[in-house]
file work_39.cif (mmCIF, C-alpha atoms)
data_input
#
loop_
_atom_site.group_PDB
_atom_site.id
_atom_site.type_symbol
_atom_site.label_atom_id
_atom_site.label_comp_id
_atom_site.auth_asym_id
_atom_site.auth_seq_id
_atom_site.Cartn_x
_atom_site.Cartn_y
_atom_site.Cartn_z
ATOM 1 C CA MET A 128 4.256 0.116 -19.021
ATOM 2 C CA GLY A 129 6.534 -2.881 -18.808
ATOM 3 C CA SER A 130 9.683 -0.856 -18.148
ATOM 4 C CA PHE A 131 8.143 1.536 -15.606
ATOM 5 C CA MET A 132 9.094 -0.371 -12.468
ATOM 6 C CA ALA A 133 12.368 -1.659 -13.876
ATOM 7 C CA ASP A 134 13.431 1.904 -14.690
ATOM 8 C CA PHE A 135 12.387 3.123 -11.254
ATOM 9 C CA LEU A 136 14.244 0.331 -9.472
ATOM 10 C CA GLN A 137 17.346 1.098 -11.514
ATOM 11 C CA GLN A 138 17.164 4.710 -10.349
ATOM 12 C CA CYS A 139 16.900 3.440 -6.771
ATOM 13 C CA GLY A 140 19.894 1.156 -7.075
ATOM 14 C CA GLY A 141 18.004 -2.076 -7.677
ATOM 15 C CA CYS A 142 15.678 -2.020 -4.657
ATOM 16 C CA SER A 143 13.074 0.359 -3.321
ATOM 17 C CA VAL A 144 11.574 1.193 0.068
ATOM 18 C CA ILE A 145 7.806 1.486 0.522
ATOM 19 C CA ASP A 146 6.377 3.355 3.506
ATOM 20 C CA GLY A 147 4.825 1.690 6.560
ATOM 21 C CA GLY A 148 1.675 1.570 8.666
ATOM 22 C CA PHE A 149 -0.536 4.621 8.272
ATOM 23 C CA ALA A 150 -3.290 4.326 10.859
ATOM 24 C CA THR A 151 -0.808 3.560 13.626
ATOM 25 C CA GLU A 152 1.023 6.791 12.944
ATOM 26 C CA LEU A 153 -2.126 8.888 12.586
ATOM 27 C CA GLU A 154 -3.255 7.649 15.995
ATOM 28 C CA ARG A 155 0.171 8.379 17.456
ATOM 29 C CA HIS A 156 -0.259 11.972 16.272
ATOM 30 C CA GLY A 157 -3.644 12.201 17.965
ATOM 31 C CA ALA A 158 -6.186 11.109 15.318
ATOM 32 C CA ASP A 159 -9.342 9.260 16.390
ATOM 33 C CA LEU A 160 -9.903 6.507 13.821
ATOM 34 C CA ASN A 161 -12.880 4.813 15.466
ATOM 35 C CA ASP A 162 -14.923 5.206 12.314
ATOM 36 C CA PRO A 163 -15.941 3.004 9.363
ATOM 37 C CA LEU A 164 -13.738 5.216 7.185
ATOM 38 C CA TRP A 165 -10.742 4.379 9.389
ATOM 39 C CA SER A 166 -7.677 6.381 8.279
ATOM 40 C CA ALA A 167 -9.697 8.028 5.488
ATOM 41 C CA THR A 168 -11.649 9.965 8.123
ATOM 42 C CA CYS A 169 -8.591 12.218 8.388
ATOM 43 C CA LEU A 170 -9.218 13.397 4.827
ATOM 44 C CA ILE A 171 -12.233 15.132 6.347
ATOM 45 C CA SER A 172 -10.978 16.161 9.765
ATOM 46 C CA SER A 173 -7.170 16.190 9.815
ATOM 47 C CA PRO A 174 -5.467 16.407 6.420
ATOM 48 C CA HIS A 175 -2.463 18.033 8.109
ATOM 49 C CA LEU A 176 -1.846 14.799 10.036
ATOM 50 C CA ILE A 177 -1.848 12.803 6.799
ATOM 51 C CA ARG A 178 0.757 15.154 5.357
ATOM 52 C CA ARG A 179 2.830 14.828 8.528
ATOM 53 C CA VAL A 180 2.841 11.022 8.359
ATOM 54 C CA HIS A 181 3.887 11.107 4.703
ATOM 55 C CA LEU A 182 6.777 13.388 5.636
ATOM 56 C CA ASP A 183 7.784 11.108 8.512
ATOM 57 C CA TYR A 184 8.118 8.209 6.092
ATOM 58 C CA LEU A 185 9.998 10.256 3.532
ATOM 59 C CA ASP A 186 12.389 11.334 6.275
ATOM 60 C CA ALA A 187 12.806 7.657 7.182
ATOM 61 C CA GLY A 188 13.932 6.807 3.648
ATOM 62 C CA ALA A 189 10.822 5.708 1.764
ATOM 63 C CA ASN A 190 10.939 5.887 -2.034
ATOM 64 C CA ILE A 191 7.215 5.166 -2.348
ATOM 65 C CA ILE A 192 4.469 6.691 -0.226
ATOM 66 C CA CYS A 193 0.931 5.329 -0.340
ATOM 67 C CA THR A 194 -1.990 7.723 -0.187
ATOM 68 C CA ALA A 195 -4.571 7.787 2.613
ATOM 69 C CA SER A 196 -7.200 6.319 0.302
ATOM 70 C CA TYR A 197 -7.117 2.659 1.360
ATOM 71 C CA GLN A 198 -10.567 2.965 2.929
ATOM 72 C CA ALA A 199 -11.600 6.120 1.052
ATOM 73 C CA THR A 200 -14.507 5.228 -1.213
ATOM 74 C CA VAL A 201 -17.172 7.312 -2.870
ATOM 75 C CA GLN A 202 -19.781 5.073 -1.264
ATOM 76 C CA GLY A 203 -18.214 5.444 2.180
ATOM 77 C CA PHE A 204 -18.194 9.241 2.037
ATOM 78 C CA GLU A 205 -21.722 9.330 0.660
ATOM 79 C CA ALA A 206 -22.828 7.306 3.682
ATOM 80 C CA LYS A 207 -21.470 10.172 5.781
ATOM 81 C CA GLY A 208 -23.752 12.616 3.994
ATOM 82 C CA PHE A 209 -21.395 13.962 1.352
ATOM 83 C CA SER A 210 -22.584 14.417 -2.215
ATOM 84 C CA THR A 211 -21.077 12.298 -4.985
ATOM 85 C CA ALA A 212 -18.995 15.258 -6.169
ATOM 86 C CA GLU A 213 -17.768 15.999 -2.634
ATOM 87 C CA SER A 214 -16.950 12.328 -2.096
ATOM 88 C CA GLU A 215 -14.908 12.190 -5.271
ATOM 89 C CA ASP A 216 -13.082 15.355 -4.221
ATOM 90 C CA LEU A 217 -12.133 13.733 -0.912
ATOM 91 C CA VAL A 218 -10.780 10.660 -2.707
ATOM 92 C CA ARG A 219 -8.843 12.949 -5.036
ATOM 93 C CA ARG A 220 -7.560 14.959 -2.079
ATOM 94 C CA SER A 221 -5.683 11.906 -0.784
ATOM 95 C CA VAL A 222 -3.389 12.095 -3.800
ATOM 96 C CA GLU A 223 -3.033 15.866 -3.594
ATOM 97 C CA ILE A 224 -1.858 15.650 0.032
ATOM 98 C CA ALA A 225 0.773 13.055 -0.875
ATOM 99 C CA LEU A 226 1.974 15.212 -3.773
ATOM 100 C CA GLU A 227 2.217 18.197 -1.419
ATOM 101 C CA ALA A 228 4.266 16.137 1.037
ATOM 102 C CA ARG A 229 6.659 15.058 -1.709
ATOM 103 C CA ASP A 230 7.097 18.674 -2.844
ATOM 104 C CA ILE A 231 7.726 19.851 0.722
ATOM 105 C CA TYR A 232 10.238 17.089 1.300
ATOM 106 C CA LEU A 233 12.189 17.750 -1.865
ATOM 107 C CA GLN A 234 12.210 21.480 -1.259
ATOM 108 C CA ARG A 235 13.623 21.175 2.227
ATOM 109 C CA CYS A 236 16.380 18.711 1.417
ATOM 110 C CA THR A 237 19.673 20.094 2.693
ATOM 111 C CA LYS A 238 23.300 19.043 2.996
ATOM 112 C CA ASP A 239 22.268 17.025 6.038
ATOM 113 C CA SER A 240 19.726 14.936 4.139
ATOM 114 C CA TRP A 241 20.210 11.636 2.345
ATOM 115 C CA ASP A 242 19.604 13.415 -0.943
ATOM 116 C CA PHE A 243 22.823 15.409 -0.842
ATOM 117 C CA LEU A 244 26.097 14.237 -2.300
ATOM 118 C CA GLY A 245 29.310 15.471 -0.746
ATOM 119 C CA SER A 246 30.865 16.108 -4.144
ATOM 120 C CA GLY A 247 29.188 19.477 -4.244
ATOM 121 C CA GLY A 248 26.098 18.497 -6.187
ATOM 122 C CA SER A 249 22.688 17.291 -5.143
ATOM 123 C CA TRP A 250 20.745 14.208 -6.116
ATOM 124 C CA ARG A 251 17.038 13.870 -5.648
ATOM 125 C CA ARG A 252 16.006 10.467 -4.404
ATOM 126 C CA PRO A 253 13.287 9.167 -6.750
ATOM 127 C CA ILE A 254 9.916 9.206 -4.967
ATOM 128 C CA LEU A 255 6.677 7.746 -6.266
ATOM 129 C CA ILE A 256 3.123 8.379 -5.099
ATOM 130 C CA ALA A 257 1.067 5.175 -4.991
ATOM 131 C CA ALA A 258 -2.698 5.683 -4.822
ATOM 132 C CA SER A 259 -3.884 3.086 -2.330
ATOM 133 C CA ILE A 260 -6.996 1.055 -3.147
ATOM 134 C CA GLY A 261 -8.337 -1.203 -0.429
ATOM 135 C CA SER A 262 -10.584 -4.182 -1.034
ATOM 136 C CA TYR A 263 -14.367 -4.309 -0.930
ATOM 137 C CA GLY A 264 -13.954 -5.870 2.507
ATOM 138 C CA ALA A 265 -12.130 -2.765 3.723
ATOM 139 C CA TYR A 266 -15.181 -0.672 2.786
ATOM 140 C CA LEU A 267 -17.450 -3.088 4.656
ATOM 141 C CA ALA A 268 -15.230 -2.531 7.739
ATOM 142 C CA ASP A 269 -16.229 -5.940 9.080
ATOM 143 C CA GLY A 270 -12.861 -7.665 8.859
ATOM 144 C CA SER A 271 -13.735 -9.506 5.634
ATOM 145 C CA GLU A 272 -10.606 -8.122 3.982
ATOM 146 C CA TYR A 273 -8.823 -10.612 6.242
ATOM 147 C CA ASN A 274 -10.854 -13.639 5.143
ATOM 148 C CA GLY A 275 -12.089 -12.731 1.652
ATOM 149 C CA ASN A 276 -15.563 -14.083 2.358
ATOM 150 C CA TYR A 277 -17.987 -11.696 0.673
ATOM 151 C CA GLY A 278 -20.868 -14.141 0.280
ATOM 152 C CA ASP A 279 -22.466 -15.558 -2.839
ATOM 153 C CA SER A 280 -24.302 -12.344 -3.677
ATOM 154 C CA VAL A 281 -21.070 -10.504 -4.456
ATOM 155 C CA THR A 282 -20.115 -11.201 -8.058
ATOM 156 C CA LEU A 283 -17.365 -10.059 -10.385
ATOM 157 C CA GLU A 284 -19.659 -7.338 -11.705
ATOM 158 C CA THR A 285 -20.551 -6.254 -8.159
ATOM 159 C CA LEU A 286 -16.885 -5.664 -7.395
ATOM 160 C CA LYS A 287 -16.177 -3.906 -10.679
ATOM 161 C CA ASP A 288 -19.120 -1.576 -10.193
ATOM 162 C CA PHE A 289 -18.062 -0.842 -6.621
ATOM 163 C CA HIS A 290 -14.445 0.019 -7.467
ATOM 164 C CA ARG A 291 -14.917 1.631 -10.862
ATOM 165 C CA ARG A 292 -15.371 5.295 -9.958
ATOM 166 C CA ARG A 293 -12.677 5.334 -7.275
ATOM 167 C CA VAL A 294 -10.183 3.779 -9.692
ATOM 168 C CA GLN A 295 -11.051 6.416 -12.296
ATOM 169 C CA VAL A 296 -10.712 9.297 -9.832
ATOM 170 C CA LEU A 297 -7.399 8.111 -8.382
ATOM 171 C CA ALA A 298 -5.938 7.302 -11.795
ATOM 172 C CA ASN A 299 -6.572 10.875 -12.912
ATOM 173 C CA ALA A 300 -5.534 12.619 -9.690
ATOM 174 C CA GLY A 301 -1.797 12.804 -10.353
ATOM 175 C CA ALA A 302 -0.477 9.664 -8.653
ATOM 176 C CA ASP A 303 2.370 7.740 -10.275
ATOM 177 C CA LEU A 304 0.695 4.356 -9.895
ATOM 178 C CA LEU A 305 -2.251 2.548 -8.336
ATOM 179 C CA ALA A 306 -1.628 0.248 -5.375
ATOM 180 C CA PHE A 307 -4.293 -2.450 -5.075
ATOM 181 C CA GLU A 308 -3.654 -3.658 -1.546
ATOM 182 C CA THR A 309 -4.653 -6.493 0.775
ATOM 183 C CA ILE A 310 -6.425 -8.345 -2.042
ATOM 184 C CA PRO A 311 -8.111 -11.259 -0.252
ATOM 185 C CA ASN A 312 -9.399 -13.418 -3.091
ATOM 186 C CA LYS A 313 -9.092 -14.318 -6.756
ATOM 187 C CA LEU A 314 -12.423 -12.737 -7.676
ATOM 188 C CA GLU A 315 -11.346 -9.263 -6.602
ATOM 189 C CA ALA A 316 -8.008 -9.602 -8.373
ATOM 190 C CA GLN A 317 -9.874 -10.468 -11.560
ATOM 191 C CA ALA A 318 -12.199 -7.496 -11.058
ATOM 192 C CA TYR A 319 -9.234 -5.145 -10.731
ATOM 193 C CA ALA A 320 -7.509 -6.555 -13.809
ATOM 194 C CA GLU A 321 -10.642 -6.185 -15.909
ATOM 195 C CA LEU A 322 -11.265 -2.642 -14.641
ATOM 196 C CA LEU A 323 -7.749 -1.555 -15.584
ATOM 197 C CA ASP A 324 -8.354 -2.823 -19.098
ATOM 198 C CA GLU A 325 -11.954 -1.673 -19.520
ATOM 199 C CA GLU A 326 -11.315 1.841 -18.243
ATOM 200 C CA GLY A 327 -8.112 2.307 -20.231
ATOM 201 C CA ILE A 328 -6.177 3.292 -17.127
ATOM 202 C CA GLN A 329 -3.026 5.109 -18.224
ATOM 203 C CA ILE A 330 -0.875 4.709 -15.128
ATOM 204 C CA PRO A 331 0.667 1.442 -13.909
ATOM 205 C CA ALA A 332 -0.492 -0.580 -10.919
ATOM 206 C CA TRP A 333 0.675 -3.144 -8.433
ATOM 207 C CA PHE A 334 -1.291 -6.008 -6.883
ATOM 208 C CA ALA A 335 -0.560 -6.985 -3.261
ATOM 209 C CA PHE A 336 -2.295 -10.003 -1.721
ATOM 210 C CA ASN A 337 -2.549 -11.077 1.910
ATOM 211 C CA SER A 338 -2.116 -14.531 3.400
ATOM 212 C CA LYS A 339 -2.699 -16.072 6.809
ATOM 213 C CA ASP A 340 -1.195 -19.512 6.204
ATOM 214 C CA GLY A 341 1.859 -18.769 4.066
ATOM 215 C CA ILE A 342 0.444 -20.784 1.170
ATOM 216 C CA ASN A 343 -2.804 -19.287 -0.110
ATOM 217 C CA VAL A 344 -4.430 -15.870 0.008
ATOM 218 C CA VAL A 345 -6.713 -15.370 3.011
ATOM 219 C CA SER A 346 -9.833 -16.659 1.231
ATOM 220 C CA GLY A 347 -8.122 -19.980 0.569
ATOM 221 C CA ASP A 348 -7.695 -19.224 -3.133
ATOM 222 C CA SER A 349 -4.377 -20.254 -4.624
ATOM 223 C CA LEU A 350 -1.738 -17.510 -4.435
ATOM 224 C CA SER A 351 -0.314 -18.801 -7.704
ATOM 225 C CA ASP A 352 -3.671 -18.359 -9.409
ATOM 226 C CA CYS A 353 -4.017 -14.846 -8.009
ATOM 227 C CA ALA A 354 -0.491 -13.834 -8.958
ATOM 228 C CA SER A 355 -1.060 -15.220 -12.449
ATOM 229 C CA ILE A 356 -3.920 -12.750 -12.913
ATOM 230 C CA ALA A 357 -1.525 -9.935 -12.038
ATOM 231 C CA ASP A 358 1.103 -11.352 -14.356
ATOM 232 C CA ALA A 359 -1.336 -11.408 -17.268
ATOM 233 C CA SER A 360 -2.297 -7.738 -16.885
ATOM 234 C CA LYS A 361 -0.227 -5.312 -18.944
ATOM 235 C CA GLN A 362 -0.957 -2.500 -16.486
ATOM 236 C CA VAL A 363 0.371 -4.408 -13.467
ATOM 237 C CA VAL A 364 4.080 -3.729 -13.064
ATOM 238 C CA ALA A 365 4.700 -5.449 -9.718
ATOM 239 C CA VAL A 366 3.012 -8.140 -7.640
ATOM 240 C CA GLY A 367 3.466 -9.217 -4.066
ATOM 241 C CA ILE A 368 2.284 -9.507 -0.493
ATOM 242 C CA ASN A 369 1.166 -7.064 2.185
ATOM 243 C CA CYS A 370 -0.492 -7.157 5.619
ATOM 244 C CA THR A 371 0.810 -10.669 6.213
ATOM 245 C CA PRO A 372 2.890 -12.023 9.132
ATOM 246 C CA PRO A 373 6.612 -11.683 8.381
ATOM 247 C CA ARG A 374 7.257 -15.364 9.040
ATOM 248 C CA TYR A 375 5.401 -16.274 5.831
ATOM 249 C CA ILE A 376 7.060 -13.809 3.484
ATOM 250 C CA HIS A 377 10.027 -15.863 2.287
ATOM 251 C CA GLY A 378 7.920 -18.785 1.126
ATOM 252 C CA LEU A 379 5.365 -16.532 -0.497
ATOM 253 C CA ILE A 380 8.073 -14.789 -2.519
ATOM 254 C CA LEU A 381 9.196 -18.161 -3.859
ATOM 255 C CA SER A 382 5.612 -19.051 -4.778
ATOM 256 C CA ILE A 383 5.075 -15.797 -6.677
ATOM 257 C CA GLN A 384 8.345 -16.221 -8.533
ATOM 258 C CA LYS A 385 7.040 -19.421 -10.079
ATOM 259 C CA VAL A 386 4.325 -17.574 -12.014
ATOM 260 C CA THR A 387 5.761 -14.136 -12.802
ATOM 261 C CA CYS A 388 8.941 -12.350 -13.766
ATOM 262 C CA LYS A 389 7.543 -8.997 -12.653
ATOM 263 C CA PRO A 390 9.176 -7.257 -9.672
ATOM 264 C CA ILE A 391 7.996 -8.623 -6.335
ATOM 265 C CA LEU A 392 7.021 -6.344 -3.463
ATOM 266 C CA VAL A 393 6.623 -7.269 0.200
ATOM 267 C CA TYR A 394 5.345 -5.120 3.018
ATOM 268 C CA PRO A 395 4.273 -7.320 5.915
ATOM 269 C CA ASN A 396 2.531 -6.278 9.093
ATOM 270 C CA SER A 397 4.220 -6.341 12.480
ATOM 271 C CA GLY A 398 3.432 -9.999 13.055
ATOM 272 C CA GLU A 399 0.439 -9.318 15.288
ATOM 273 C CA THR A 400 -3.022 -10.715 14.527
ATOM 274 C CA TYR A 401 -6.092 -8.580 13.778
ATOM 275 C CA ASP A 402 -9.506 -9.539 15.152
ATOM 276 C CA GLY A 403 -12.175 -8.216 12.779
ATOM 277 C CA GLU A 404 -14.902 -8.430 15.428
ATOM 278 C CA THR A 405 -13.129 -6.581 18.230
ATOM 279 C CA LYS A 406 -11.113 -4.465 15.793
ATOM 280 C CA GLN A 407 -8.042 -5.035 17.942
ATOM 281 C CA TRP A 408 -4.532 -6.300 17.248
ATOM 282 C CA SER A 409 -3.124 -8.994 19.506
ATOM 283 C CA LYS A 410 0.341 -10.382 20.002
ATOM 284 C CA SER A 411 1.222 -13.561 18.177
ATOM 285 C CA ASP A 412 4.155 -15.925 18.100
ATOM 286 C CA GLY A 413 5.490 -14.247 14.978
ATOM 287 C CA MET A 414 8.163 -11.617 14.633
ATOM 288 C CA ILE A 415 7.632 -8.090 15.750
ATOM 289 C CA GLU A 416 8.619 -5.179 13.555
ATOM 290 C CA GLU A 417 12.148 -4.833 14.930
ATOM 291 C CA ASP A 418 12.783 -8.479 14.136
ATOM 292 C CA PHE A 419 11.575 -8.613 10.555
ATOM 293 C CA VAL A 420 13.957 -5.899 9.403
ATOM 294 C CA SER A 421 16.758 -8.420 9.847
ATOM 295 C CA TYR A 422 15.060 -10.660 7.288
ATOM 296 C CA VAL A 423 14.938 -8.061 4.528
ATOM 297 C CA ARG A 424 18.231 -9.126 2.992
ATOM 298 C CA LYS A 425 17.020 -12.736 2.876
ATOM 299 C CA TRP A 426 13.824 -11.615 1.169
ATOM 300 C CA LYS A 427 15.939 -9.715 -1.316
ATOM 301 C CA GLU A 428 18.024 -12.811 -1.989
ATOM 302 C CA ALA A 429 14.784 -14.768 -2.474
ATOM 303 C CA GLY A 430 13.767 -12.400 -5.257
ATOM 304 C CA ALA A 431 11.891 -9.414 -3.826
ATOM 305 C CA SER A 432 12.914 -5.885 -4.819
ATOM 306 C CA LEU A 433 10.434 -3.568 -3.081
ATOM 307 C CA PHE A 434 10.192 -3.624 0.715
ATOM 308 C CA GLY A 435 8.099 -1.831 3.300
ATOM 309 C CA GLY A 436 5.697 -2.322 6.167
ATOM 310 C CA CYS A 437 1.960 -2.514 6.692
ATOM 311 C CA CYS A 438 -0.210 -2.416 9.819
ATOM 312 C CA ARG A 439 1.536 -1.578 13.092
ATOM 313 C CA THR A 440 4.881 -0.793 11.481
ATOM 314 C CA THR A 441 6.374 2.666 11.904
ATOM 315 C CA PRO A 442 8.924 5.090 10.434
ATOM 316 C CA ASN A 443 11.515 3.326 12.569
ATOM 317 C CA THR A 444 10.706 0.111 10.713
ATOM 318 C CA ILE A 445 11.172 1.835 7.380
ATOM 319 C CA ARG A 446 14.391 3.467 8.518
ATOM 320 C CA GLY A 447 15.652 0.024 9.483
ATOM 321 C CA ILE A 448 14.686 -1.423 6.097
ATOM 322 C CA ALA A 449 16.492 1.386 4.280
ATOM 323 C CA LYS A 450 19.602 0.739 6.341
ATOM 324 C CA ALA A 451 19.378 -3.012 5.809
ATOM 325 C CA LEU A 452 19.245 -2.499 2.064
ATOM 326 C CA SER A 453 22.048 0.055 2.218
ATOM 327 C CA LEU A 454 19.993 2.315 0.003
ATOM 328 C CA ASN A 455 20.801 5.291 2.138
ATOM 329 C CA SER A 456 22.956 6.170 5.084
ATOM 330 C CA VAL A 457 21.921 8.127 8.109
#

call {"tool": "encode", "arguments": {"input": "work_39.cif", "output": "structure tokens"}}
result
Amino acid sequence: MGSFMADFLQQCGGCSVIDGGFATELERHGADLNDPLWSATCLISSPHLIRRVHLDYLDAGANIICTASYQATVQGFEAKGFSTAESEDLVRRSVEIALEARDIYLQRCTKDSWDFLGSGGSWRRPILIAASIGSYGAYLADGSEYNGNYGDSVTLETLKDFHRRRVQVLANAGADLLAFETIPNKLEAQAYAELLDEEGIQIPAWFAFNSKDGINVVSGDSLSDCASIADASKQVVAVGINCTPPRYIHGLILSIQKVTCKPILVYPNSGETYDGETKQWSKSDGMIEEDFVSYVRKWKEAGASLFGGCCRTTPNTIRGIAKALSLNSV
């Protein structure tokens, strides 16, 4: 799997654009996400809105779209009264919707799209489907994905048992890769790495950690130690940072570079701060989404090659990133 991401990046011209915030866009289109399942509740009630958001990001220039499975777990759906089989089908459906969106997008490309070359021929922009896997803390829906504090009772085996079936289902659903996102601690990174090996997962993966101090992951564990786990896994083809204030990204890229030669991905949040108790975002002194687009070229120079947005970013953010990278022209 070592050449998977390198080959993809070569097709993209050296850099790639990941999509942006999902829940923000679902809410903008009218979805009510006041639910422990968060954006995954739309897999039950509003799959058409999920498809619409995917298409919005493809229209904005994304090369990689992440499925609506970040908070979609078998356990979470079972808690809603679904059977195990129905819960697995809903997890699987997140990939199917993304695949449908990609097919629709490619089918409707015209001379006015970015995928058309004026020479008389057409070129299809490479597009990957990344099956999103949120942390154990995301399932708990108590904000612990932002501090990585799961308590002493949660062990490596606890985490592996929790994630195992969802990883299996998503890996076999047709996605191009698995996106382990907002990883808050070293223990969960190790659980993911061992699961990929134990289950013989046949598609590649990326690991994305989050940080609130620009030095460590949110639990306080060393980012270098966490990134080293990703580097040691044959299935992991890229490692980086997501859901982190933009002001920390440059330094975090440099830290990751010290322990891996794998491609580095960055998709920060808008710079606002999330309160796990009130479940609200508040303004901070950091950059807002319009500002961080101007830093993309610097992040590229620092060593990153995949760029996108996380919470509270929008298709406009992604359009700005694509322009900044000169991957496409509008």

call {"tool": "atom_distance", "arguments": {"input": "work_39.cif", "atom1": "CA of Ala359 (chain A)", "atom2": "CA of Ala335 (chain A)"}}
result
14.7 Å

call {"tool": "atom_distance", "arguments": {"input": "work_39.cif", "atom1": "CA of Ala158 (chain A)", "atom2": "CA of Val218 (chain A)"}}
result
18.6 Å

call {"tool": "closest_atom_pairs", "arguments": {"input": "work_39.cif", "of": "region 210-303 of chain A", "to": "region 368-390 of chain A", "cutoff": "12 Å", "atoms": "only C-alpha atoms", "output": "tab-separated table"}}
result
residue	atom	partner	partner_atom	distance
A:Gly261	CA	A:Asn369	CA	11.5
A:Glu272	CA	A:Cys370	CA	10.3
A:Tyr273	CA	A:Cys370	CA	9.0

call {"tool": "resolve_selection", "arguments": {"input": "work_39.cif", "expression": "the PyMOL selection byres ((chain A and resi 321) around 12)", "output": "count of residues only"}}
result
29

call {"tool": "closest_residue", "arguments": {"input": "work_39.cif", "among": "A:Leu350, A:Cys169, A:Val144, A:Ile342", "to": "Leu255 (chain A)", "atoms": "all atoms listed in the file"}}
result
A:Val144

call {"tool": "closest_residue", "arguments": {"input": "work_39.cif", "among": "A:Asn190, A:Asn343, A:Asn276, A:Gln137", "to": "Tyr232 (chain A)", "atoms": "only C-alpha atoms"}}
result
A:Asn190

call {"tool": "closest_residue", "arguments": {"input": "work_39.cif", "among": "A:Ala189, A:Cys142, A:Met132, A:Ala195", "to": "Leu433 (chain A)", "atoms": "only C-alpha atoms"}}
result
A:Cys142

call {"tool": "decode", "arguments": {"input": "work_39.cif", "residues": "region 295-312 of chain A", "atoms": "N, CA and C atoms", "output": "PDB file, in the first residue's frame"}}
result
ATOM      1  N   GLN A 295     -14.519  -3.208  10.085  1.00  0.00           N
ATOM      2  CA  GLN A 295     -14.753  -4.285   9.122  1.00  0.00           C
ATOM      3  C   GLN A 295     -15.813  -3.884   8.095  1.00  0.00           C
ATOM      4  N   VAL A 296     -16.923  -3.346   8.579  1.00  0.00           N
ATOM      5  CA  VAL A 296     -18.025  -2.975   7.684  1.00  0.00           C
ATOM      6  C   VAL A 296     -17.585  -1.894   6.694  1.00  0.00           C
ATOM      7  N   LEU A 297     -16.943  -0.851   7.185  1.00  0.00           N
ATOM      8  CA  LEU A 297     -16.524   0.243   6.312  1.00  0.00           C
ATOM      9  C   LEU A 297     -15.451  -0.202   5.324  1.00  0.00           C
ATOM     10  N   ALA A 298     -14.551  -1.059   5.767  1.00  0.00           N
ATOM     11  CA  ALA A 298     -13.474  -1.521   4.890  1.00  0.00           C
ATOM     12  C   ALA A 298     -14.001  -2.347   3.723  1.00  0.00           C
ATOM     13  N   ASN A 299     -15.162  -2.954   3.918  1.00  0.00           N
ATOM     14  CA  ASN A 299     -15.737  -3.801   2.867  1.00  0.00           C
ATOM     15  C   ASN A 299     -16.907  -3.157   2.135  1.00  0.00           C
ATOM     16  N   ALA A 300     -17.111  -1.860   2.367  1.00  0.00           N
ATOM     17  CA  ALA A 300     -18.291  -1.186   1.802  1.00  0.00           C
ATOM     18  C   ALA A 300     -18.027  -0.503   0.466  1.00  0.00           C
ATOM     19  N   GLY A 301     -16.762  -0.464   0.035  1.00  0.00           N
ATOM     20  CA  GLY A 301     -16.467   0.141  -1.256  1.00  0.00           C
ATOM     21  C   GLY A 301     -15.703   1.445  -1.200  1.00  0.00           C
ATOM     22  N   ALA A 302     -15.337   1.888   0.015  1.00  0.00           N
ATOM     23  CA  ALA A 302     -14.538   3.115   0.132  1.00  0.00           C
ATOM     24  C   ALA A 302     -13.121   2.867  -0.375  1.00  0.00           C
ATOM     25  N   ASP A 303     -12.428   3.944  -0.707  1.00  0.00           N
ATOM     26  CA  ASP A 303     -11.048   3.834  -1.189  1.00  0.00           C
ATOM     27  C   ASP A 303     -10.047   3.738  -0.047  1.00  0.00           C
ATOM     28  N   LEU A 304     -10.391   4.331   1.086  1.00  0.00           N
ATOM     29  CA  LEU A 304      -9.515   4.281   2.253  1.00  0.00           C
ATOM     30  C   LEU A 304     -10.312   4.566   3.507  1.00  0.00           C
ATOM     31  N   LEU A 305      -9.710   4.273   4.657  1.00  0.00           N
ATOM     32  CA  LEU A 305     -10.305   4.562   5.952  1.00  0.00           C
ATOM     33  C   LEU A 305      -9.653   5.816   6.518  1.00  0.00           C
ATOM     34  N   ALA A 306     -10.475   6.718   7.051  1.00  0.00           N
ATOM     35  CA  ALA A 306      -9.963   7.946   7.645  1.00  0.00           C
ATOM     36  C   ALA A 306     -10.221   7.919   9.148  1.00  0.00           C
ATOM     37  N   PHE A 307      -9.201   7.588   9.919  1.00  0.00           N
ATOM     38  CA  PHE A 307      -9.309   7.619  11.379  1.00  0.00           C
ATOM     39  C   PHE A 307      -9.062   9.061  11.813  1.00  0.00           C
ATOM     40  N   GLU A 308     -10.103   9.695  12.323  1.00  0.00           N
ATOM     41  CA  GLU A 308     -10.058  11.148  12.520  1.00  0.00           C
ATOM     42  C   GLU A 308     -10.155  11.545  13.994  1.00  0.00           C
ATOM     43  N   THR A 309      -9.586  12.734  14.263  1.00  0.00           N
ATOM     44  CA  THR A 309      -9.679  13.343  15.595  1.00  0.00           C
ATOM     45  C   THR A 309      -9.231  12.341  16.666  1.00  0.00           C
ATOM     46  N   ILE A 310      -8.112  11.695  16.424  1.00  0.00           N
ATOM     47  CA  ILE A 310      -7.578  10.711  17.373  1.00  0.00           C
ATOM     48  C   ILE A 310      -6.988  11.481  18.556  1.00  0.00           C
ATOM     49  N   PRO A 311      -7.534  11.281  19.763  1.00  0.00           N
ATOM     50  CA  PRO A 311      -7.150  12.150  20.878  1.00  0.00           C
ATOM     51  C   PRO A 311      -6.024  11.639  21.766  1.00  0.00           C
ATOM     52  N   ASN A 312      -5.638  10.372  21.591  1.00  0.00           N
ATOM     53  CA  ASN A 312      -4.608   9.837  22.481  1.00  0.00           C
ATOM     54  C   ASN A 312      -3.838   8.695  21.822  1.00  0.00           C
TER      55      ASN A 312
END
